[in-house]
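Data first, discussion second: the structure below is written as structure tokens.
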Amino acid sequence: MAGMGPAQGRPPGAPDRAEVERLLESFGRHISSSLLRLYRFMGLDTLEWDGEGAICRDAEGREYLDFVGANGTLFLGRRHPRVTAAVREQLDRLTISSRLFAHEPQIRLAEKLAEIAPGDLQYTFFCNSGAEAVEGALKLARAATGRTEIISTQGAFHGKTFGALSATGRELYRKPFEPLLPGFVHVPYGDADAVEAVISDRTAAVIVEPIQGENGVIIPPDDYLPRLRQLCDRHGALLIIDEVQAGLGRTGRWFGCNHTDTAPDIMTMAKILGGGVMPIGAFMARPEVFEPMDENPYIHSSTFGGNALACAAGYAVLQAIEEEGLLEQARVKGERLMAGLRQIAAQFPQVIREVRGRGLMIGMELTREGLGGVIIADIVQNGLLAIHSLNNDRVMRFLPPAVVTEDQIDRALEIFGAAVERAAAVAEEV
């Protein structure tokens, strides 16, 4: 395994090769044998050990450019000093609340979210993940409207718990667990006319991503979200915008819906909010929509949701994004990266059909299935980490942190371009 160069020596505290192998075998026995086979196929027959910024290191000391970022979580990079310092400071004071008092970190984070959120989103419920945020949003929509039907989109990804999976639009993940929750209707993404054809006085909510991430970084027409807003208003339904992947700076704006000035009734978020240090999710709502949960604050609850450590991390994340200009960095660096990728696509159209994205949420659609696995295995060997899209195997994604440097972007383009060139040669032989 080549990495970005020869191993720099085993990191302090890292296990020796024999212990690494023992731990991997234990992973196969106790966690997932199929995942272990996949890791070994990709050449990742070691342990992830440490890293900072856009750099990931394994237990052998090899370095990688991390353009996976924990599926888009690491917008601030690994171990951002502001976030780790906030969590360490909070650790010495209060970690898990008794739940009988309000506590400062939660209040400060909720205040800040209300300040940056679109429209008049005011109330926040904190949980632990994006899927949990979607579950709560769906429950709130039914409670607030007294209706049961939810309109979602084909190719959507909202999570894999029962409610979130019912809204998720790929059969591969749904079928083993059917029957799922009743009352969900799926229509084509980006097609407001399709929503108009099915929305009615039975519709509690339309749930939609501002950009479909797991379906291949699909950007809808500019009038799509505004039209959904109008349709929901006309029929008394709520608009839920799922910002778990696109939100909190990933696209170069605070939220993906900001690009079309569309304010939802309920909005979900997670991933970036924890800064890659603490797990945290949240959903926000307008006061009149949140009323059922305000009247009975125990109607929906979470033991660990809104804990002091996670909220301290979340507040530090929002401060860092704002004070370090990371929204602008995401726009500028995203443009540089996409320009380079489009040059590679123009050179090898037999491999790459299209490069698309917004900010640092970028997808490369390949000409056929199977090429993604070939290219990802290649770039991993040369020190670059990327992922394919869960709902579209033809699309590779780059989700680098906003702290990535120009030199690192250029190095990533060099590695990716060489891998695409080798994939083009293989494609021509087949």
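If you're wondering about the labels, chains in the structure tokens are A, B, ... by order shown, residues count from 1 in each chain, ligands from 1 in order shown.
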Q: Using backbone DSSP assignments, extract all alpha helix (DSSP H) residues from stretch 93-161 of chain A; output them as a count of residues only.
A: 29
Q.
Can you pull out the residues contacting A:Asp45? Cut-off 9 Å, using only C-alpha atoms, and skip same-chain residues under 6 positions away; I want them as a list in words.
A.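 Neighbouring residues, sequence-local ones excluded: Met1, Val20, Glu21, Leu24, Leu36 and Tyr39 of chain A.
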Q | Spatial neighbours of A:Asn307, 8 Å, only C-alpha atoms, chain gap at least 2 places, as a ChimeraX atom specification | A | /A:95-97,106,304-305,309-311
Keeping only N, CA and C atoms, write the selected residues as a PDB file, in the first residue's frame.
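The result, stored in again_4.pdb:
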```pdb
ATOM      1  N   THR A  95     -20.990  17.176  31.771  1.00  0.00           N
ATOM      2  CA  THR A  95     -21.030  16.335  30.570  1.00  0.00           C
ATOM      3  C   THR A  95     -22.468  15.989  30.219  1.00  0.00           C
ATOM      4  N   ILE A  96     -23.071  15.088  30.975  1.00  0.00           N
ATOM      5  CA  ILE A  96     -24.478  14.720  30.779  1.00  0.00           C
ATOM      6  C   ILE A  96     -25.303  15.392  31.866  1.00  0.00           C
ATOM      7  N   SER A  97     -26.300  16.143  31.461  1.00  0.00           N
ATOM      8  CA  SER A  97     -27.130  16.867  32.418  1.00  0.00           C
ATOM      9  C   SER A  97     -28.052  15.920  33.179  1.00  0.00           C
ATOM     10  N   GLN A 106     -26.423  24.203  25.816  1.00  0.00           N
ATOM     11  CA  GLN A 106     -27.595  23.950  24.983  1.00  0.00           C
ATOM     12  C   GLN A 106     -28.297  25.253  24.608  1.00  0.00           C
ATOM     13  N   PHE A 304     -29.687  11.341  25.592  1.00  0.00           N
ATOM     14  CA  PHE A 304     -28.385  11.947  25.328  1.00  0.00           C
ATOM     15  C   PHE A 304     -28.476  13.186  24.444  1.00  0.00           C
ATOM     16  N   GLY A 305     -29.635  13.422  23.843  1.00  0.00           N
ATOM     17  CA  GLY A 305     -29.785  14.565  22.963  1.00  0.00           C
ATOM     18  C   GLY A 305     -29.600  15.884  23.703  1.00  0.00           C
ATOM     19  N   LEU A 309     -21.626  18.297  26.321  1.00  0.00           N
ATOM     20  CA  LEU A 309     -20.426  18.136  25.496  1.00  0.00           C
ATOM     21  C   LEU A 309     -20.748  18.371  24.024  1.00  0.00           C
ATOM     22  N   ALA A 310     -21.828  17.764  23.547  1.00  0.00           N
ATOM     23  CA  ALA A 310     -22.196  17.914  22.142  1.00  0.00           C
ATOM     24  C   ALA A 310     -22.569  19.357  21.823  1.00  0.00           C
ATOM     25  N   CYS A 311     -23.287  20.003  22.721  1.00  0.00           N
ATOM     26  CA  CYS A 311     -23.701  21.386  22.463  1.00  0.00           C
ATOM     27  C   CYS A 311     -22.517  22.343  22.522  1.00  0.00           C
TER      28      CYS A 311
END
```
Residues within 10 Å of A:Ile321, please, as an mmCIF file with N, CA and C atoms, in the first residue's frame. Count only C-alpha atoms; anything in the same chain fewer than 4 positions from it doesn't count.
```
data_model
loop_
_atom_site.group_PDB
_atom_site.id
_atom_site.type_symbol
_atom_site.label_atom_id
_atom_site.label_comp_id
_atom_site.auth_asym_id
_atom_site.auth_seq_id
_atom_site.Cartn_x
_atom_site.Cartn_y
_atom_site.Cartn_z
ATOM 1 N N PHE A 75 -16.306 19.045 7.968
ATOM 2 C CA PHE A 75 -16.209 20.311 7.239
ATOM 3 C C PHE A 75 -15.109 21.201 7.817
ATOM 4 N N LEU A 76 -14.878 21.101 9.119
ATOM 5 C CA LEU A 76 -13.823 21.865 9.765
ATOM 6 C C LEU A 76 -12.499 21.103 9.787
ATOM 7 N N LEU A 248 -24.986 23.800 7.042
ATOM 8 C CA LEU A 248 -23.910 24.287 7.899
ATOM 9 C C LEU A 248 -22.599 24.493 7.147
ATOM 10 N N GLY A 249 -22.709 25.016 5.917
ATOM 11 C CA GLY A 249 -21.531 25.471 5.202
ATOM 12 C C GLY A 249 -21.072 24.632 4.044
ATOM 13 N N TRP A 254 -24.847 28.991 4.677
ATOM 14 C CA TRP A 254 -25.169 28.296 5.922
ATOM 15 C C TRP A 254 -26.001 27.043 5.653
ATOM 16 N N ALA A 316 -19.049 25.819 19.218
ATOM 17 C CA ALA A 316 -17.699 26.119 18.726
ATOM 18 C C ALA A 316 -17.619 25.964 17.207
ATOM 19 N N VAL A 317 -18.340 24.994 16.665
ATOM 20 C CA VAL A 317 -18.383 24.804 15.212
ATOM 21 C C VAL A 317 -18.944 26.044 14.527
ATOM 22 N N GLY A 325 -14.278 32.439 8.331
ATOM 23 C CA GLY A 325 -14.684 32.637 6.944
ATOM 24 C C GLY A 325 -14.808 31.355 6.151
ATOM 25 N N LEU A 326 -15.295 30.286 6.781
ATOM 26 C CA LEU A 326 -15.309 28.986 6.110
ATOM 27 C C LEU A 326 -16.392 28.872 5.038
ATOM 28 N N LEU A 327 -17.427 29.711 5.100
ATOM 29 C CA LEU A 327 -18.420 29.692 4.025
ATOM 30 C C LEU A 327 -17.775 30.153 2.718
ATOM 31 N N GLU A 328 -17.038 31.247 2.781
ATOM 32 C CA GLU A 328 -16.352 31.756 1.599
ATOM 33 C C GLU A 328 -15.272 30.775 1.142
ATOM 34 N N GLN A 329 -14.567 30.176 2.090
ATOM 35 C CA GLN A 329 -13.550 29.200 1.717
ATOM 36 C C GLN A 329 -14.166 28.015 0.988
ATOM 37 N N ALA A 402 -13.359 22.469 4.591
ATOM 38 C CA ALA A 402 -13.126 23.837 4.141
ATOM 39 C C ALA A 402 -11.715 24.305 4.462
#
```
Excluding A:Ile266 and its own-chain neighbours fewer than 3 positions away, which residues fall within 6 Å of it when counting only C-alpha atoms? Please give them as a short mmCIF file (atom, residue, chain, number, x, y, z; two decimals) with N, CA and C atoms, in the first residue's frame.
```cif
data_model
loop_
_atom_site.label_atom_id
_atom_site.label_comp_id
_atom_site.auth_asym_id
_atom_site.auth_seq_id
_atom_site.Cartn_x
_atom_site.Cartn_y
_atom_site.Cartn_z
N ILE A 240 -40.58 20.31 5.02
CA ILE A 240 -39.41 19.87 5.79
C ILE A 240 -38.21 19.86 4.85
N MET A 284 -35.29 21.97 13.73
CA MET A 284 -35.80 23.27 14.12
C MET A 284 -37.19 23.45 13.52
N ALA A 285 -37.99 24.31 14.13
CA ALA A 285 -39.33 24.57 13.62
C ALA A 285 -39.79 25.98 13.97
#
```
**Q.** Surrounding residues of A:Asn258 excluding itself and chain neighbours under 5 positions, 8 Å, only C-alpha atoms, as a VMD selection string
**A.** chain A and resid 118 253 263
Expected file: the selected residues, N, CA and C atoms, as a PDB file, in the first residue's frame:
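For reference, part_19.pdb as written:
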```
ATOM      1  N   PRO A 118     -32.819  30.010   8.348  1.00  0.00           N
ATOM      2  CA  PRO A 118     -33.691  30.757   7.432  1.00  0.00           C
ATOM      3  C   PRO A 118     -35.080  30.984   8.019  1.00  0.00           C
ATOM      4  N   ARG A 253     -22.973  28.206   1.691  1.00  0.00           N
ATOM      5  CA  ARG A 253     -23.937  29.033   2.428  1.00  0.00           C
ATOM      6  C   ARG A 253     -24.248  28.292   3.722  1.00  0.00           C
ATOM      7  N   ALA A 263     -37.503  29.253   2.909  1.00  0.00           N
ATOM      8  CA  ALA A 263     -37.549  28.991   4.339  1.00  0.00           C
ATOM      9  C   ALA A 263     -38.498  27.826   4.619  1.00  0.00           C
TER      10      ALA A 263
END
```
Q: May I ask which of the residues A:Asp378, A:Asp120, A:Glu209, A:Asp393 is the closest one to A:Ile415, counting only C-alpha atoms?
A: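 Checking each candidate against A:Ile415, we get A:Asp378 as the closest.
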Pull the closest atom pair for each residue of stretch 247-341 of chain A that gets at most 9 Å from stretch 140-154 of chain A, along with the distance in Å to one decimal, counting only C-alpha atoms, ordering rows by chain and then ascending residue number, as a tab-separated table.
```
residue	atom	partner	partner_atom	distance
A:Ile266	CA	A:Ala141	CA	8.1
A:Ala285	CA	A:Leu140	CA	9.0
A:Glu288	CA	A:Ala144	CA	8.2
A:Val289	CA	A:Ala144	CA	5.6
A:Phe290	CA	A:Leu140	CA	7.1
A:Glu291	CA	A:Ala144	CA	7.2
A:Pro292	CA	A:Ala144	CA	6.3
A:Met293	CA	A:Leu140	CA	7.6
A:His300	CA	A:Leu140	CA	8.9
```
Mind writing the picked residues with N, CA and C atoms as an mmCIF file, in the first residue's frame?
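And here's out34.cif as it stands now:
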```cif
data_model
loop_
_atom_site.group_PDB
_atom_site.id
_atom_site.type_symbol
_atom_site.label_atom_id
_atom_site.label_comp_id
_atom_site.auth_asym_id
_atom_site.auth_seq_id
_atom_site.Cartn_x
_atom_site.Cartn_y
_atom_site.Cartn_z
ATOM 1 N N ILE A 266 -39.911 23.161 8.973
ATOM 2 C CA ILE A 266 -39.083 22.318 9.834
ATOM 3 C C ILE A 266 -37.791 22.059 9.072
ATOM 4 N N ALA A 285 -37.990 24.314 14.134
ATOM 5 C CA ALA A 285 -39.335 24.568 13.619
ATOM 6 C C ALA A 285 -39.786 25.980 13.969
ATOM 7 N N GLU A 288 -45.356 28.179 15.697
ATOM 8 C CA GLU A 288 -46.687 27.573 15.618
ATOM 9 C C GLU A 288 -46.613 26.097 15.242
ATOM 10 N N VAL A 289 -45.583 25.710 14.513
ATOM 11 C CA VAL A 289 -45.408 24.301 14.146
ATOM 12 C C VAL A 289 -44.912 23.503 15.341
ATOM 13 N N PHE A 290 -44.033 24.110 16.138
ATOM 14 C CA PHE A 290 -43.433 23.416 17.280
ATOM 15 C C PHE A 290 -44.395 23.301 18.469
ATOM 16 N N GLU A 291 -45.551 23.921 18.364
ATOM 17 C CA GLU A 291 -46.469 24.015 19.503
ATOM 18 C C GLU A 291 -46.767 22.683 20.196
ATOM 19 N N PRO A 292 -47.009 21.568 19.475
ATOM 20 C CA PRO A 292 -47.282 20.312 20.191
ATOM 21 C C PRO A 292 -46.151 19.900 21.128
ATOM 22 N N MET A 293 -44.911 20.155 20.735
ATOM 23 C CA MET A 293 -43.780 19.776 21.575
ATOM 24 C C MET A 293 -43.508 20.820 22.654
ATOM 25 N N HIS A 300 -41.779 14.001 23.015
ATOM 26 C CA HIS A 300 -40.660 13.479 22.224
ATOM 27 C C HIS A 300 -39.405 13.832 22.995
#
```
Q: Name the closest residue to A:Phe416 among the candidates A:Glu171, A:Leu65, A:Leu138, A:Glu369; distances are taken between atoms, counting only C-alpha atoms.
A: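 Among A:Glu171, A:Leu65, A:Leu138, A:Glu369, it is A:Leu65 that comes nearest to A:Phe416.
One finds atom CA of A:Glu19 at 17.1 Å from atom CA of A:Ile31.
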Q. Within 10 Å of stretch 66-73 of chain A, counting only C-alpha atoms, which residues qualify if same-chain residues fewer than 2 places away don't, as number ranges by chain?
A. A: 51-57, 63-64, 75-78, 213-214, 244-246, 250, 270-277, 279, 360-361, 380, 383-389, 397-401, 404, 408-409, 412
Q: Run DSSP on the backbone of this structure and report the residues of stretch 149-385 of chain A it assigns to strand (DSSP E), as a PyMOL selection string.
A: chain A and resi 149-153+184-187+203-208+238-242+266-269+281-285+352-358+361-366+384-385
Q) When distances are computed from only C-alpha atoms, which of A:Thr251, A:Asn296, A:Asn382, A:Thr303 shows the smallest separation from A:Lys333? A) A:Thr251
